[in-house]
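Enquirer: This structure is in structure tokens; I'll ask about it shortly.
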Amino acid sequence: MAKYEPKWDLASLYPGGSRSAELEKLLRETESAIEETDRSLRALPPEPGEALVRAILDLQALAERLSEAIDFIECLEAENVADEIAGQLMGRAQKMSARRATLQTRLEQRFLAADDASWKKLLADERLAGVAFAMNEARETARIKMAPEMEMLAEELATDGYHAWGRLYEKIAGKLRVEFEEDGKKTTLSMGQLHNKLESPDRKVRKRAFEKMEEAWSGVADLAAIALNSQAGYRLSLYKNRGWESVLREPLRMGRVRPETLDAMWGAVAEESGRLVPYLNAKARLLGLDRLAWYDLPAPVGAADRRFTYDQAAEFILEHFGRFSPGLRDFARTAFEKRWIEAEDRPGKRAGGFCTDLPLHGETRIFMTFGGTYGSVSTLGHELGHAYHSWIVKDLPFWATQYPMTLAETASTFCETIISDAALGAASGERERL
């Protein structure tokens, strides 16, 4: 069996971590590109033409560079929540992101100023063929926003307002630690490590993990509530000034979903929700319980408490990805061999999991805390699905790769289903199938 390192390789991207000279070079070049793009947008002639095409391409390139920087810094923050320098870099990058957003607003005003004939001619330029959809979408969205100077002010204020509250919440969550005892051994666990205990076959372990989690969050509940409420308040104020009456208007537009589609989906969920009750009752019986507690929901039943090493999980995924698609398998093998995955079970990491793109390198990085359960294997398969999706579109223009969450979860859910079906098919006997 092949041996795979469960700790990702970030040095091949920007050596030196948060003190990387190459990362600093990228940030400085991005700051310079912002100023240069700002000047070119201000100097645009009234009529759409070559200068506007160049400005569009420059802003797209700027967005790509900034995405690379922010995503890499996010990896630094996730792998070590105590990295204060990474936090400072993220604040700096988000200020640049706000500047980029103001440039986007200025560009959108040029889109709106173009008459339909000029707009059609602009989109016919072969250099813009791959981003015509994104440009049309930006033009339509600009019609329903505030005046441009108000939108630019909102973007600037968001750095130390809306986004700052998000950073505070993540910092609070990342620093939470609990003392946990299992099998007579006491250890200090992060929230990510503690969450994996909820999949233990031992109900006492699950219950203790749940209580420890609630206890830890109760200690910072007021701070977390302030952060979340402030983010919500910012959005409500923004929507009010845009004249948007529904809080769903932005997420629906971002998801490219009509209200009727959302209503139909939730209507189907509500109509069929009763089918879950017999399942939950059956699970309670199999666990020997009269009623399930919250911490029993992820509990394994039957013989599903089988443990996987990281190497075993990798081989399982590669085998079953390969049965569906050799290309998918080969990509996953590349991710394992080149160490694009951070799965090590250690303190100091952020909770949760994600897959992020590094568009300038044409690579991705996956973050999780591998716990050795079926759930962890499934999560790994899910995140590899995200990574494969990014790999497939990596050669498209950057704006063409910005798909909505309604699409982003398709490849990941599909790959997760491959793993779930494989686990079910590989089960030996009724107890493991359960």
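Residue numbers start at 1 in each chain; chains themselves are named A, B, ... in the order of the structure tokens; ligands are numbered from 1 in the order shown.
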A:Glu74: which residues within 9 Å, counting only C-alpha atoms, same-chain residues fewer than 6 positions away excluded, as a list in words?
Expert: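 Listing them by chain and then by number gives Ala86, Gly87, Met90 and Thr356 of chain A.
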Enquirer: Store the residues of this selection in a file with N, CA and C atoms, as a PDB file, in the first residue's frame.
Expert:
ATOM      1  N   ALA A  86      -0.254  35.809   9.516  1.00  0.00           N
ATOM      2  CA  ALA A  86      -1.218  35.442   8.476  1.00  0.00           C
ATOM      3  C   ALA A  86      -2.490  36.272   8.615  1.00  0.00           C
ATOM      4  N   GLY A  87      -2.908  36.513   9.871  1.00  0.00           N
ATOM      5  CA  GLY A  87      -4.086  37.347  10.096  1.00  0.00           C
ATOM      6  C   GLY A  87      -3.885  38.766   9.590  1.00  0.00           C
ATOM      7  N   MET A  90      -4.119  38.730   5.854  1.00  0.00           N
ATOM      8  CA  MET A  90      -5.501  38.627   5.385  1.00  0.00           C
ATOM      9  C   MET A  90      -6.189  39.980   5.449  1.00  0.00           C
ATOM     10  N   THR A 356      -9.901  24.961  -1.712  1.00  0.00           N
ATOM     11  CA  THR A 356      -9.690  26.294  -2.253  1.00  0.00           C
ATOM     12  C   THR A 356      -8.781  26.251  -3.472  1.00  0.00           C
TER      13      THR A 356
END
Enquirer: Would you list, as an mmCIF file with N, CA and C atoms, in the first residue's frame, the residues of stretch 115-217 of chain A that end up in strand (DSSP E or B) under DSSP run on this structure's backbone?
Expert:
data_model
loop_
_atom_site.group_PDB
_atom_site.id
_atom_site.type_symbol
_atom_site.label_atom_id
_atom_site.label_comp_id
_atom_site.auth_asym_id
_atom_site.auth_seq_id
_atom_site.Cartn_x
_atom_site.Cartn_y
_atom_site.Cartn_z
ATOM 1 N N ARG A 177 -10.401 25.588 22.759
ATOM 2 C CA ARG A 177 -9.758 24.327 23.129
ATOM 3 C C ARG A 177 -10.519 23.702 24.291
ATOM 4 N N VAL A 178 -10.508 22.376 24.343
ATOM 5 C CA VAL A 178 -11.137 21.670 25.465
ATOM 6 C C VAL A 178 -10.218 20.571 25.960
ATOM 7 N N GLU A 179 -10.316 20.293 27.241
ATOM 8 C CA GLU A 179 -9.631 19.141 27.810
ATOM 9 C C GLU A 179 -10.574 17.952 27.696
ATOM 10 N N PHE A 180 -10.103 16.881 27.072
ATOM 11 C CA PHE A 180 -10.975 15.731 26.819
ATOM 12 C C PHE A 180 -10.306 14.449 27.297
ATOM 13 N N GLU A 181 -11.071 13.633 27.994
ATOM 14 C CA GLU A 181 -10.548 12.372 28.507
ATOM 15 C C GLU A 181 -11.228 11.205 27.796
ATOM 16 N N GLU A 182 -10.421 10.285 27.305
ATOM 17 C CA GLU A 182 -10.930 9.082 26.644
ATOM 18 C C GLU A 182 -9.970 7.934 26.908
ATOM 19 N N LYS A 185 -7.024 8.659 29.140
ATOM 20 C CA LYS A 185 -5.990 9.575 28.685
ATOM 21 C C LYS A 185 -6.589 10.953 28.444
ATOM 22 N N LYS A 186 -5.947 11.991 29.009
ATOM 23 C CA LYS A 186 -6.412 13.358 28.847
ATOM 24 C C LYS A 186 -5.620 14.055 27.741
ATOM 25 N N THR A 187 -6.346 14.727 26.844
ATOM 26 C CA THR A 187 -5.707 15.467 25.757
ATOM 27 C C THR A 187 -6.415 16.808 25.574
ATOM 28 N N THR A 188 -5.718 17.731 24.947
ATOM 29 C CA THR A 188 -6.299 19.030 24.601
ATOM 30 C C THR A 188 -6.673 18.997 23.126
ATOM 31 N N LEU A 189 -7.957 19.252 22.838
ATOM 32 C CA LEU A 189 -8.457 19.129 21.473
ATOM 33 C C LEU A 189 -8.981 20.463 20.945
ATOM 34 N N SER A 190 -8.788 20.665 19.651
ATOM 35 C CA SER A 190 -9.423 21.789 18.960
ATOM 36 C C SER A 190 -10.865 21.398 18.648
#
Enquirer: Mind checking which residues fall within 8 Å of stretch 156-161 of chain A, counting only C-alpha atoms, ignoring those fewer than 3 positions away in the same chain, and posting them as a JSON list (two decimals) with C-alpha atoms, in the first residue's frame?
Expert:
[["chain", "number", "residue", "atom", "x", "y", "z"],
["A", 91, "GLY", "CA", -6.53, 42.06, 6.60],
["A", 94, "GLN", "CA", -9.13, 42.14, 2.11],
["A", 95, "LYS", "CA", -8.46, 45.86, 1.88],
["A", 98, "ALA", "CA", -12.39, 46.14, -1.35],
["A", 99, "ARG", "CA", -10.41, 48.32, -3.76],
["A", 102, "THR", "CA", -14.75, 49.55, -6.23],
["A", 152, "MET", "CA", -17.96, 51.93, -3.51],
["A", 153, "LEU", "CA", -18.33, 53.36, -0.01],
["A", 164, "ALA", "CA", -13.93, 42.07, 10.06],
["A", 165, "TRP", "CA", -16.79, 40.54, 12.03],
["A", 231, "GLN", "CA", -22.89, 40.73, 9.88],
["A", 234, "TYR", "CA", -24.74, 45.15, 7.84]]
Enquirer: Contacts of A:Leu286 at 10 Å or less, counting only C-alpha atoms, minus same-chain residues fewer than 2 places along, as a VMD selection string?
Expert: chain A and resid 280 to 284 288 to 289 300 to 302 434
Enquirer: What gap, in Å, lies between atom CA of A:Ser378 and atom CA of A:Arg365?
Expert: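 So the two atoms, atom CA of A:Ser378 and atom CA of A:Arg365, lie 17.0 Å apart.
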Enquirer: Which neighbours of A:Arg333 fall inside 7 Å, counting only C-alpha atoms, when residues of the same chain fewer than 4 positions from it are skipped, and could you give them as a PyMOL selection string?
Expert: chain A and resi 318+329+337
Enquirer: Pick out the closest residue to A:Ala61 from this set: A:Val220, A:Asp263, A:Leu407, A:Phe398. Count only C-alpha atoms.
Expert: A:Phe398
Enquirer: Using only C-alpha atoms, can you tell me which of A:Glu260, A:Glu64, A:Asp296, A:Asp222 comes closest to A:Pro397?
Expert: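 Checking each of A:Glu260, A:Glu64, A:Asp296, A:Asp222 against A:Pro397, counting only C-alpha atoms, the winner is A:Glu64.
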Enquirer: Which one is closest to A:Val205: A:Gly327, A:Gly184, A:Trp244, A:Gly425? Count only C-alpha atoms.
Expert: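 Among the listed residues, the smallest separation from A:Val205 belongs to A:Gly184.
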Enquirer: Neighbouring residues of A:Ile70 were defined as those with any atom within 10 Å, considering only C-alpha atoms; residues of the same chain fewer than 4 positions away were excluded. Please report them as number ranges by chain.
Expert: A: 27, 65-66, 74-76, 89-94, 96-97, 356-358
Enquirer: May I have the selected residues written with N, CA and C atoms, as a compact mmCIF listing (two decimals), in the first residue's frame?
Expert:
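Final output, result-v4.txt:
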# COMPACT_ATOMS: atom_id res chain seq x y z
N LEU A 27 1.73 40.21 -3.30
CA LEU A 27 0.89 41.24 -2.71
C LEU A 27 1.27 42.63 -3.21
N ARG A 65 -5.24 37.34 -9.46
CA ARG A 65 -4.09 37.47 -8.58
C ARG A 65 -4.53 37.61 -7.12
N LEU A 66 -5.55 38.42 -6.93
CA LEU A 66 -6.04 38.65 -5.57
C LEU A 66 -6.66 37.39 -4.99
N GLU A 74 -5.62 32.14 3.41
CA GLU A 74 -6.64 31.36 4.13
C GLU A 74 -6.08 30.00 4.55
N CYS A 75 -5.27 29.40 3.69
CA CYS A 75 -4.63 28.13 4.05
C CYS A 75 -3.70 28.30 5.24
N LEU A 76 -2.95 29.39 5.26
CA LEU A 76 -2.05 29.66 6.38
C LEU A 76 -2.83 29.82 7.68
N LEU A 89 -1.83 39.62 7.18
CA LEU A 89 -1.82 39.54 5.72
C LEU A 89 -3.24 39.46 5.16
N MET A 90 -4.12 38.73 5.85
CA MET A 90 -5.50 38.63 5.38
C MET A 90 -6.19 39.98 5.45
N GLY A 91 -5.95 40.73 6.52
CA GLY A 91 -6.53 42.06 6.60
C GLY A 91 -6.06 42.95 5.46
N ARG A 92 -4.79 42.85 5.14
CA ARG A 92 -4.22 43.63 4.04
C ARG A 92 -4.82 43.21 2.70
N ALA A 93 -4.95 41.91 2.50
CA ALA A 93 -5.51 41.40 1.24
C ALA A 93 -6.98 41.78 1.10
N GLN A 94 -7.72 41.79 2.20
CA GLN A 94 -9.13 42.14 2.11
C GLN A 94 -9.33 43.62 1.82
N MET A 96 -7.34 45.19 -0.16
CA MET A 96 -7.14 45.19 -1.61
C MET A 96 -8.39 44.68 -2.32
N SER A 97 -9.04 43.71 -1.71
CA SER A 97 -10.26 43.16 -2.31
C SER A 97 -11.35 44.22 -2.37
N THR A 356 -9.90 24.96 -1.71
CA THR A 356 -9.69 26.29 -2.25
C THR A 356 -8.78 26.25 -3.47
N ASP A 357 -8.98 27.21 -4.36
CA ASP A 357 -8.23 27.26 -5.62
C ASP A 357 -7.00 28.16 -5.50
N LEU A 358 -5.95 27.79 -6.20
CA LEU A 358 -4.79 28.65 -6.40
C LEU A 358 -4.67 28.86 -7.91
Enquirer: Tell me which protein, DNA and RNA residues are within 8 Å of stretch 137-145 of chain A, counting only C-alpha atoms, leaving out same-chain ones fewer than 3 positions away, and put them as a ChimeraX atom specification.
Expert: /A:105,108-109,111-112,133-134,148,151,242
Enquirer: Which residue is closest to A:Phe414? Choose from A:Thr401, A:Ser230, A:Gln88, A:Thr379 and count only C-alpha atoms.
Expert: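 Ranked by minimum distance to A:Phe414, first place goes to A:Thr379.
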Enquirer: From the set A:Ile419, A:Ala264, A:Leu360, A:Ala387, which residue has the shortest atom-to-atom contact distance to A:Glu68, counting only C-alpha atoms?
Expert: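 Checking each candidate against A:Glu68, we get A:Leu360 as the closest.
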